[in-house]
Amino acid sequence: SLAQALVGAAALLRGQLGEAERALASCLARWQAADVHDQVELWSQYLGKIQCARGRLDLAAGTYQQVLEVDAAPDRPVRPAASTAHVGIAFVAYHRNDLDTALEHLDEGLRLCRQFGNPDSLANGLAILAWIRRVRGDVSAALEAMEEAERVSDPTAVDLLNPVPAHMARLRLSLGDVAAAARWTEQRGLTA
């Protein structure tokens, strides 16, 4: 099953999201049936991101909720995967315009990200927070959150695994800073 998960990860890196989703969902179902919680928690974060990227928000919310349910077992301490799950649920809630739910999950998710030292989820959560602040009209707080997201994100990871640079370009563009967005596209070799 681990081999199949690695096939899914390879498909993800090739941009073949459908293949990656199928492979990871199959692995997760087997690991859940066998009560292999560590593997479920580890690979669920990737499956949730893939599902979000494919616009399958209901499935992503369910994937993240399963992680929280595993962590909620009375005999288990809260684990790092809960930080990713809370940030993932916040992402889904934000895209459904349920900003209060998004903020509730972000509060817990960001706290856990900082507690467990989870920079990827921290950066993604801060980017979501920036967009919520932008939607609510607090531009300076939005930029502050996005700048923090840039500081904690891994500059070597790109695209689906680190969307923060693209979020910053979009945020700057939404504020009318076309030059900053243009610099971002040029740095990545993108053209019209």
# chains A, B, ... in the order shown; residues from 1 in each chain; ligands from 1
>>> residues_around(residues="range 80-94 of chain A", least_positions_apart="5", cutoff="7 Å", atoms="only C-alpha atoms", output="compact mmCIF listing (two decimals) with N, CA and C atoms, in the first residue's frame")
# COMPACT_ATOMS: atom_id res chain seq x y z
N GLU A 41 -3.10 9.79 8.58
CA GLU A 41 -2.87 11.21 8.87
C GLU A 41 -1.86 11.82 7.90
N LEU A 42 -0.79 11.09 7.62
CA LEU A 42 0.25 11.61 6.74
C LEU A 42 -0.28 11.87 5.33
N GLN A 45 -3.40 14.64 4.22
CA GLN A 45 -3.15 16.05 3.91
C GLN A 45 -2.92 16.25 2.41
N LEU A 57 -14.60 20.04 -3.16
CA LEU A 57 -14.55 20.57 -1.80
C LEU A 57 -15.25 19.68 -0.79
N ALA A 61 -13.30 18.28 2.42
CA ALA A 61 -13.77 18.52 3.79
C ALA A 61 -13.91 17.19 4.54
N TYR A 64 -10.39 15.85 5.46
CA TYR A 64 -9.82 16.56 6.61
C TYR A 64 -10.58 16.24 7.90
N GLN A 65 -11.89 16.09 7.80
CA GLN A 65 -12.70 15.77 8.98
C GLN A 65 -12.33 14.41 9.54
N VAL A 67 -9.40 13.07 9.59
CA VAL A 67 -8.18 13.24 10.37
C VAL A 67 -8.52 13.77 11.76
N LEU A 68 -9.42 14.76 11.82
CA LEU A 68 -9.80 15.31 13.11
C LEU A 68 -10.51 14.27 13.97
N ASP A 71 -7.96 12.01 15.49
CA ASP A 71 -7.29 12.73 16.58
C ASP A 71 -8.19 12.92 17.79
N LEU A 99 -16.94 32.51 6.31
CA LEU A 99 -15.73 33.08 6.89
C LEU A 99 -15.62 32.84 8.39
N THR A 101 -16.63 30.14 10.09
CA THR A 101 -16.12 28.78 10.26
C THR A 101 -14.66 28.71 9.85
N ALA A 102 -14.31 29.39 8.77
CA ALA A 102 -12.91 29.40 8.33
C ALA A 102 -12.02 29.97 9.43
N LEU A 103 -12.43 31.07 10.05
CA LEU A 103 -11.61 31.67 11.11
C LEU A 103 -11.51 30.78 12.34
N HIS A 105 -11.51 27.49 12.42
CA HIS A 105 -10.54 26.44 12.12
C HIS A 105 -9.13 27.01 11.96
N LEU A 106 -9.02 28.22 11.43
CA LEU A 106 -7.70 28.83 11.31
C LEU A 106 -7.11 29.12 12.68
N GLU A 108 -7.46 27.52 15.47
CA GLU A 108 -6.93 26.26 16.01
C GLU A 108 -5.78 25.73 15.14
N GLY A 109 -5.96 25.77 13.84
CA GLY A 109 -4.93 25.25 12.93
C GLY A 109 -3.62 26.01 13.03
N LEU A 110 -3.68 27.34 13.06
CA LEU A 110 -2.44 28.13 13.15
C LEU A 110 -1.76 27.91 14.50
N LEU A 112 -1.87 25.17 16.31
CA LEU A 112 -1.23 23.86 16.25
C LEU A 112 -0.02 23.85 15.31
N CYS A 113 -0.11 24.58 14.20
CA CYS A 113 1.04 24.66 13.29
C CYS A 113 2.25 25.23 14.01
N PHE A 116 3.51 22.60 16.70
CA PHE A 116 4.18 21.42 16.17
C PHE A 116 5.27 21.75 15.15
N SER A 121 1.76 24.00 6.44
CA SER A 121 0.37 24.30 6.77
C SER A 121 0.24 25.69 7.39
N GLY A 125 -2.22 28.37 5.90
CA GLY A 125 -3.22 28.96 6.78
C GLY A 125 -3.12 30.48 6.82
N ILE A 128 -4.69 31.91 3.72
CA ILE A 128 -6.15 31.94 3.83
C ILE A 128 -6.58 33.10 4.72
>>> select_by_dssp(residues="range 13-111 of chain A", states="alpha helix (DSSP H)", output="VMD selection string")
chain A and resid 13 17 to 33 37 to 53 57 to 71 81 to 95 99 to 111
>>> residues_around(residues="Val40 in chain A", least_positions_apart="6", cutoff="8 Å", atoms="only C-alpha atoms", output="PyMOL selection string")
chain A and resi 28+31-32+67
>>> atom_distance(atom1="CA of Asn124 in chain A", atom2="CA of Ala9 in chain A")
19.4 Å
